[in-house]
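*Asks:* Right, I'll just put the structure down here and ask away after.
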Amino acid sequence: MRRAGSSFGPQERLHLSTPGPTAQPAGLRKDTSMERLWGVLQRVQRWSPRPSQTIYKLVEGTQQGRLEEEEEDGEEGAEPPSHFCPMELRGPEPLGSRPARQSLGLWAAGRRAAPYLVLTALLIFTGAFLLGYVTFRGSCQACGDDVLVVSEDVNSELGLDSHQGTLYWSDLQAMFLRLLGEGRLEDTIRQTSHRERVAGSAGMAALAQDIRAALLREKLDHVWMDTHYVGLQFPDRAHPNTLHWVDAATGRPGEQLPLEDPDVYCPYSATGNATGELVYAHYGRPEDLQDLRARGVEPAGRLLLVRLGLISFAQKVASAQDFGAQGVLIYPDPADFSQDPHKLSLSSHRAVYGHVHLGTGDPYTPGFPSFNQTQFPPVQSSGLPSIPAQPISADIASLLLKKFEGPVAPKEWQGYLPVSPYRLGPGPGLHLGVNNHRTSTPISNIFGCIEGRSEPDHYVVIGAQRDAWGPGAAKSAVGTAILLELVRTFSSMVSNGFRPRRSLLFISWDGGDFGSVGSMEWLEGYLSVLHLKAVVYVSLDNAVLGDDKFHAKTSPLLISLIENVLKQARVDSPNRSGQTLYEQVVFSNHSWEAEVIRPLPMESSAYSFTAFAGVPAVEFSFVEDGLVYPFLHTKDDTYENLHRVLRGRLPAVALAVAQLAGQLLIRLSHDRLLPLDFGRYGDVVLKHIGSLNEFSGDLKARGLTLQWVYSARGDYIRAAEKLRKEIYSSEESDERLTRMYNVRIMRVEFYFLSQYVSPADSPFRHIFLGHGDHTLTALLDHVRLLRSGGPGALGATSSHVAPGFQESRFRRQLALLTWTLQGAANALSGDVWNIDNNF
């Protein structure tokens, strides 16, 4: 083989050996250049390590030359071997004609280095393969059925200071917990609860400025406020609400019943007067009113006495209105609170505050933001009631029930008032007068932002209500304190080298006690862009109402992540020494999901994010075991009472919520691939279809079928599985591809908003959580009429539809539901050429 720069051919091979006299073949001239080369090779050999070498030597004395291997252990300081095999093997030559083995020195040195190069290459390849495998497995959160555990070696970032090195999940977790523990959570709760903060008040304006200043001190990337002018309803001091007996002879109002606290009222109640006999309707649910009617007591044309609990004030009043009632009185029954004499309970002369708008936001600008309502035509939300409502105390309710006649209430309707037994009525005639007045009120939301490193235009949002009707310790002081501590903690983390991949947006809401007015107005103002920007909303409202049970009211997309964070998060149980929060959750129920997960209620600010804006949301709450916190929405919701109800564990419980919420925020803002379980909605659809299947025979008899829904569900399942496989087989380091997948994942919730109804007419367009004919619940309620034959099963929507099953309405509902679900499957599939609508 000819080497570059060589001047000798196959017949001019040299035998390289150690220095010294060597017999040369006759006629072969020494080459001085080769001698210099030989000197260089000798120095290389002395510097090289002496591993075991394989030497090929010619075995002589046979008719044909052959090669055999012999192992020679090189030792430090040993001379190089005297014979090497040339790169070309020649046939046998006569003995003594010329040396049988001649070698090229440069090739020999390269050959000794070859094993090290091969070994080094193998080690590099193996290490890179293992690192890539571990990284991909740890970061692909949506590849399997559940969210995968974050590896200690992935989801890392370099600190701002190069000396800090790489920040892994365990580093971020430890940093967060350490910095959070340096705060003053309890002091902030106490101080906030002692301040006046009714929406629109001077005290609220002062608190808003203080919170804005606190955010500015943390040196966030952006801090700002926005102000809305909203229509809020307040009691008229000059003309308070009243309740009178009705004179049986004249039918006119007679003696007045004292309402202990004239400040307690129901915002958004219809104003005016209502007169009629009083009947007892349990919790005021549609099924309660249907049961009342079945027992021969007609609610229509009468006033209803209903208990606090199970459903919201707004739902109670809406149900009463749908069944034809004239007005509603709402009271707290002692049976719904703890009977333990060692525990605090609500005083019998306390009434409970609650708004009665069946919706969220400013009801006088439905579907539109209240930036300048004077420029828009006057409209009202369809969720505003047309009948008056008023809270009363347990003492007043007891006085009324004592005068009831008629059938005895069912056993499960009996309460703990000093009346035995409770009767359904009718009772005495009453006259209710409600004189609340509407006022245009400025409210201010406060925002603070930490910009993301790679996806700054995607926001992980966390918020808490700031206002309160009374002291509001549990209602809003706890959430506000946790929000401020999280702002301080994450700001300190940024100073220590953390930079989230996505932006963190912290918000303090105003107007929450009037139906999440502040948050809803913000959503309405940015509806066209939020589904492109907001990844998840985490609510801190109602975070601490006890310490026995832990609940997460959430979208299905977040269930797997919540479980994963509960397992990973270093959060101690606030009331069980030596246990983690996850161990507490599964202690009495191995199905953690049945123990923890709850649907999002309309009264939560998180509800509007999901049902209106299509953003997955979660609200964490610690509650008492089976009983409600007795002082919520009363003047007794003080810091002192909350501290006593929790037996001194308020700081520990609030800290547990902060730790859990903060670690959830780290995962959502830091993971390369969004950890949202987009396959979960296939199970949700299947669960509802199971209820619909019961009526397949009834529909078939009418020539109708639910096959379209089944097909759309199948397409969604296939699209979700296809996306999983794409993610699993993709290159994890491809930043463009990762962002593309994240965009598809973060918009899944938005896909379930019906695009076929108006957000102004039907603001809650979500087909699973919303309200209206486009929802799966409405379809199921309508199909039930095939057997009941009447509108009773429709509950709160019964007054808006004709009685009985209607085929045309069913077909429209089916089309609305099917194409929303099919649209979600199409969007999840990706590009239009990958979509196959096959019905």
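Residues in the structure tokens are named by chain (A, B, ... in the order shown) and by number from 1 within that chain; ligands are numbered from 1 in the order shown.
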Compile the contact shell of A:Ser808 as a count of residues only: residues with an atom at most 12 Å away, counting only C-alpha atoms, same-chain residues fewer than 5 positions apart removed.
*Replies:* 7
*Asks:* Stretch 457-693 of chain A: which residues are strand (DSSP E) by DSSP, as a ChimeraX atom specification?
*Replies:* /A:457-465,502-509,534-539,544-545,549-554,597-598,617-623
*Asks:* From a backbone DSSP assignment, name each residue in stretch 699-774 of chain A labelled helix (DSSP H, G or I), as a ChimeraX atom specification.
*Replies:* /A:699-701,707-729,735-746,748-751
*Asks:* Nearest to A:Arg713 among A:Leu817, A:Leu655, A:Leu665, A:Ala617, with distances taken over only C-alpha atoms: which residue is it?
*Replies:*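 Using only C-alpha atoms, A:Arg713 sits closest to A:Leu817.
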*Asks:* Write out as JSON lines the residues of stretch 445-555 of chain A that have any atom within 8 Å of an atom of stretch 212-223 of chain A, one row each with the nearest atom pair and its distance in Å to one decimal, counting only C-alpha atoms, sorted by chain and then rising number.
*Replies:*
{"residue": "A:Ile446", "atom": "CA", "partner": "A:Arg212", "partner_atom": "CA", "distance": 6.5}
{"residue": "A:Phe447", "atom": "CA", "partner": "A:Val223", "partner_atom": "CA", "distance": 5.5}
{"residue": "A:Gly448", "atom": "CA", "partner": "A:Val223", "partner_atom": "CA", "distance": 4.4}
{"residue": "A:Cys449", "atom": "CA", "partner": "A:His222", "partner_atom": "CA", "distance": 5.1}
{"residue": "A:Ile450", "atom": "CA", "partner": "A:Asp221", "partner_atom": "CA", "distance": 5.3}
{"residue": "A:Glu451", "atom": "CA", "partner": "A:Asp221", "partner_atom": "CA", "distance": 6.3}
{"residue": "A:Leu484", "atom": "CA", "partner": "A:Leu215", "partner_atom": "CA", "distance": 8.0}
{"residue": "A:Val487", "atom": "CA", "partner": "A:Leu215", "partner_atom": "CA", "distance": 7.5}
{"residue": "A:Arg488", "atom": "CA", "partner": "A:Glu218", "partner_atom": "CA", "distance": 6.3}
{"residue": "A:Ser491", "atom": "CA", "partner": "A:Glu218", "partner_atom": "CA", "distance": 6.2}
*Asks:* Report as a ChimeraX atom specification all protein, DNA and RNA residues lying within 9 Å of stretch 187-201 of chain A, evaluated on only C-alpha atoms, omitting residues in the same chain fewer than 6 positions from it.
*Replies:* /A:207,232,441-444,466-474,476-482,484-485,510-514,637-640
*Asks:* The selected residues should be written to file as a compact mmCIF listing (two decimals), in the first residue's frame (atoms: N, CA, C and O atoms).
*Replies:*
# COMPACT_ATOMS: atom_id res chain seq x y z
N LEU A 207 -55.77 48.66 50.29
CA LEU A 207 -55.14 47.34 50.25
C LEU A 207 -54.58 47.05 48.85
O LEU A 207 -53.50 46.47 48.71
N LEU A 232 -72.53 46.42 40.90
CA LEU A 232 -72.67 45.61 42.11
C LEU A 232 -73.93 46.04 42.86
O LEU A 232 -74.37 47.19 42.75
N THR A 441 -69.44 50.40 40.32
CA THR A 441 -68.34 50.34 41.30
C THR A 441 -67.03 50.03 40.60
O THR A 441 -66.95 49.07 39.83
N PRO A 442 -65.96 50.79 40.88
CA PRO A 442 -64.65 50.44 40.31
C PRO A 442 -64.01 49.31 41.10
O PRO A 442 -63.98 49.32 42.33
N ILE A 443 -63.51 48.30 40.41
CA ILE A 443 -62.74 47.23 41.04
C ILE A 443 -61.42 47.10 40.31
O ILE A 443 -61.32 47.41 39.11
N SER A 444 -60.39 46.66 41.03
CA SER A 444 -59.05 46.62 40.45
C SER A 444 -58.41 45.24 40.64
O SER A 444 -58.36 44.73 41.77
N ARG A 466 -59.18 38.87 46.66
CA ARG A 466 -58.67 39.79 47.67
C ARG A 466 -59.79 40.40 48.52
O ARG A 466 -59.60 40.71 49.69
N ASP A 467 -60.99 40.57 47.96
CA ASP A 467 -62.08 41.25 48.67
C ASP A 467 -62.82 40.28 49.58
O ASP A 467 -62.68 39.05 49.47
N ALA A 468 -63.60 40.81 50.49
CA ALA A 468 -64.42 39.99 51.39
C ALA A 468 -65.58 40.83 51.91
O ALA A 468 -65.42 42.02 52.19
N TRP A 469 -66.75 40.20 52.05
CA TRP A 469 -67.91 40.92 52.58
C TRP A 469 -67.76 41.21 54.07
O TRP A 469 -68.07 42.30 54.52
N GLY A 470 -67.22 40.26 54.83
CA GLY A 470 -66.96 40.46 56.25
C GLY A 470 -65.47 40.42 56.51
O GLY A 470 -64.66 40.83 55.67
N PRO A 471 -65.04 39.87 57.66
CA PRO A 471 -63.60 39.73 57.91
C PRO A 471 -62.91 38.85 56.88
O PRO A 471 -61.77 39.11 56.50
N GLY A 472 -63.60 37.79 56.44
CA GLY A 472 -63.11 36.98 55.32
C GLY A 472 -61.77 36.33 55.52
O GLY A 472 -60.98 36.23 54.59
N ALA A 473 -61.49 35.84 56.75
CA ALA A 473 -60.20 35.20 57.00
C ALA A 473 -60.03 33.97 56.12
O ALA A 473 -59.03 33.83 55.41
N ALA A 474 -60.99 33.05 56.17
CA ALA A 474 -60.91 31.84 55.35
C ALA A 474 -61.23 32.13 53.89
O ALA A 474 -60.65 31.53 52.99
N SER A 476 -60.77 34.86 51.91
CA SER A 476 -59.80 35.49 51.02
C SER A 476 -58.47 35.88 51.66
O SER A 476 -57.49 36.06 50.95
N ALA A 477 -58.42 36.00 52.99
CA ALA A 477 -57.15 36.39 53.62
C ALA A 477 -56.10 35.30 53.46
O ALA A 477 -54.92 35.59 53.19
N VAL A 478 -56.50 34.04 53.62
CA VAL A 478 -55.55 32.93 53.47
C VAL A 478 -55.01 32.88 52.04
O VAL A 478 -53.80 32.78 51.81
N GLY A 479 -55.90 32.94 51.04
CA GLY A 479 -55.46 32.89 49.65
C GLY A 479 -54.55 34.04 49.29
O GLY A 479 -53.55 33.86 48.58
N THR A 480 -54.88 35.25 49.77
CA THR A 480 -54.04 36.42 49.49
C THR A 480 -52.66 36.24 50.10
O THR A 480 -51.63 36.56 49.47
N ALA A 481 -52.60 35.74 51.34
CA ALA A 481 -51.31 35.54 52.01
C ALA A 481 -50.47 34.50 51.27
O ALA A 481 -49.26 34.69 51.07
N ILE A 482 -51.08 33.39 50.84
CA ILE A 482 -50.33 32.36 50.11
C ILE A 482 -49.83 32.93 48.78
O ILE A 482 -48.68 32.68 48.37
N LEU A 484 -49.03 36.05 48.03
CA LEU A 484 -47.90 36.95 48.27
C LEU A 484 -46.64 36.16 48.63
O LEU A 484 -45.53 36.52 48.22
N GLU A 485 -46.80 35.07 49.39
CA GLU A 485 -45.63 34.26 49.75
C GLU A 485 -45.07 33.54 48.53
O GLU A 485 -43.84 33.39 48.40
N ASP A 510 -60.31 41.24 42.45
CA ASP A 510 -61.29 42.03 43.18
C ASP A 510 -62.69 41.56 42.78
O ASP A 510 -62.87 40.95 41.73
N GLY A 511 -63.67 41.82 43.63
CA GLY A 511 -65.06 41.50 43.31
C GLY A 511 -65.41 40.04 43.37
O GLY A 511 -66.43 39.61 42.80
N GLY A 512 -64.62 39.23 44.06
CA GLY A 512 -64.88 37.79 44.11
C GLY A 512 -66.15 37.42 44.83
O GLY A 512 -66.82 36.45 44.47
N ASP A 513 -66.52 38.18 45.87
CA ASP A 513 -67.71 37.85 46.65
C ASP A 513 -69.01 38.13 45.91
O ASP A 513 -70.09 37.79 46.39
N PHE A 514 -68.92 38.74 44.75
CA PHE A 514 -70.12 39.01 43.94
C PHE A 514 -70.21 38.05 42.75
O PHE A 514 -70.93 38.32 41.79
N ASP A 637 -66.24 35.10 60.35
CA ASP A 637 -65.09 34.52 59.63
C ASP A 637 -63.84 35.36 59.94
O ASP A 637 -63.28 36.02 59.07
N THR A 638 -63.41 35.29 61.21
CA THR A 638 -62.26 36.06 61.66
C THR A 638 -61.02 35.18 61.74
O THR A 638 -61.11 33.94 61.75
N TYR A 639 -59.88 35.83 61.83
CA TYR A 639 -58.63 35.09 62.00
C TYR A 639 -58.67 34.26 63.27
O TYR A 639 -58.24 33.10 63.28
N GLU A 640 -59.19 34.84 64.35
CA GLU A 640 -59.22 34.14 65.64
C GLU A 640 -60.08 32.89 65.57
O GLU A 640 -59.69 31.82 66.06
*Asks:* Taking into account only C-alpha atoms, which residue in the set A:Arg647, A:Arg307, A:Lys316, A:Arg350 is nearest to A:Asp263?
*Replies:*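 Of A:Arg647, A:Arg307, A:Lys316, A:Arg350, the one nearest A:Asp263 is A:Arg350, counting only C-alpha atoms.
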*Asks:* Please determine, counting only C-alpha atoms, which residue among A:Arg293, A:Lys722, A:His355, A:His766 has the shortest atom-to-atom distance to A:Gly515.
*Replies:*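 For A:Gly515, the nearest of the candidates is A:His355.
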*Asks:* Once you count only C-alpha atoms, what closest atom pair and distance in Å to one decimal does each residue of stretch 318-366 of chain A within 12 Å of stretch 399-423 of chain A have, with rows by chain and rising residue number, as a Markdown table?
*Replies:*
| residue | atom | partner | partner_atom | distance |
| --- | --- | --- | --- | --- |
| A:Leu329 | CA | A:Leu400 | CA | 10.8 |
| A:Tyr331 | CA | A:Leu417 | CA | 10.9 |
| A:Pro332 | CA | A:Leu417 | CA | 9.8 |
| A:Asp333 | CA | A:Gly415 | CA | 6.4 |
| A:Pro334 | CA | A:Tyr416 | CA | 5.4 |
| A:Ala335 | CA | A:Tyr416 | CA | 5.1 |
| A:Asp336 | CA | A:Gly415 | CA | 8.2 |
| A:Phe337 | CA | A:Tyr416 | CA | 9.8 |
| A:Ser338 | CA | A:Tyr416 | CA | 11.1 |
| A:Gln339 | CA | A:Tyr416 | CA | 9.6 |
| A:Ser348 | CA | A:Leu417 | CA | 9.3 |
| A:His349 | CA | A:Leu399 | CA | 11.8 |
*Asks:* Find the residue from A:Leu308, A:Ala719, A:Arg724, A:Ser669 that sits nearest to A:Ser454; use only C-alpha atoms when measuring.
*Replies:*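 So, comparing all the options, the nearest one is A:Ser669.
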*Asks:* Which is closest to A:Leu561 among A:Arg680, A:Arg718, A:Arg736, A:Arg295, if we use only C-alpha atoms?
*Replies:*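 Looking only at the distances to A:Leu561, the closest residue turns out to be A:Arg680.
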*Asks:* For a test of reading the model, state the distance in Å between atom CA of A:Glu807 and atom CA of A:Gln822, rounded to one decimal.
*Replies:* 22.0 Å
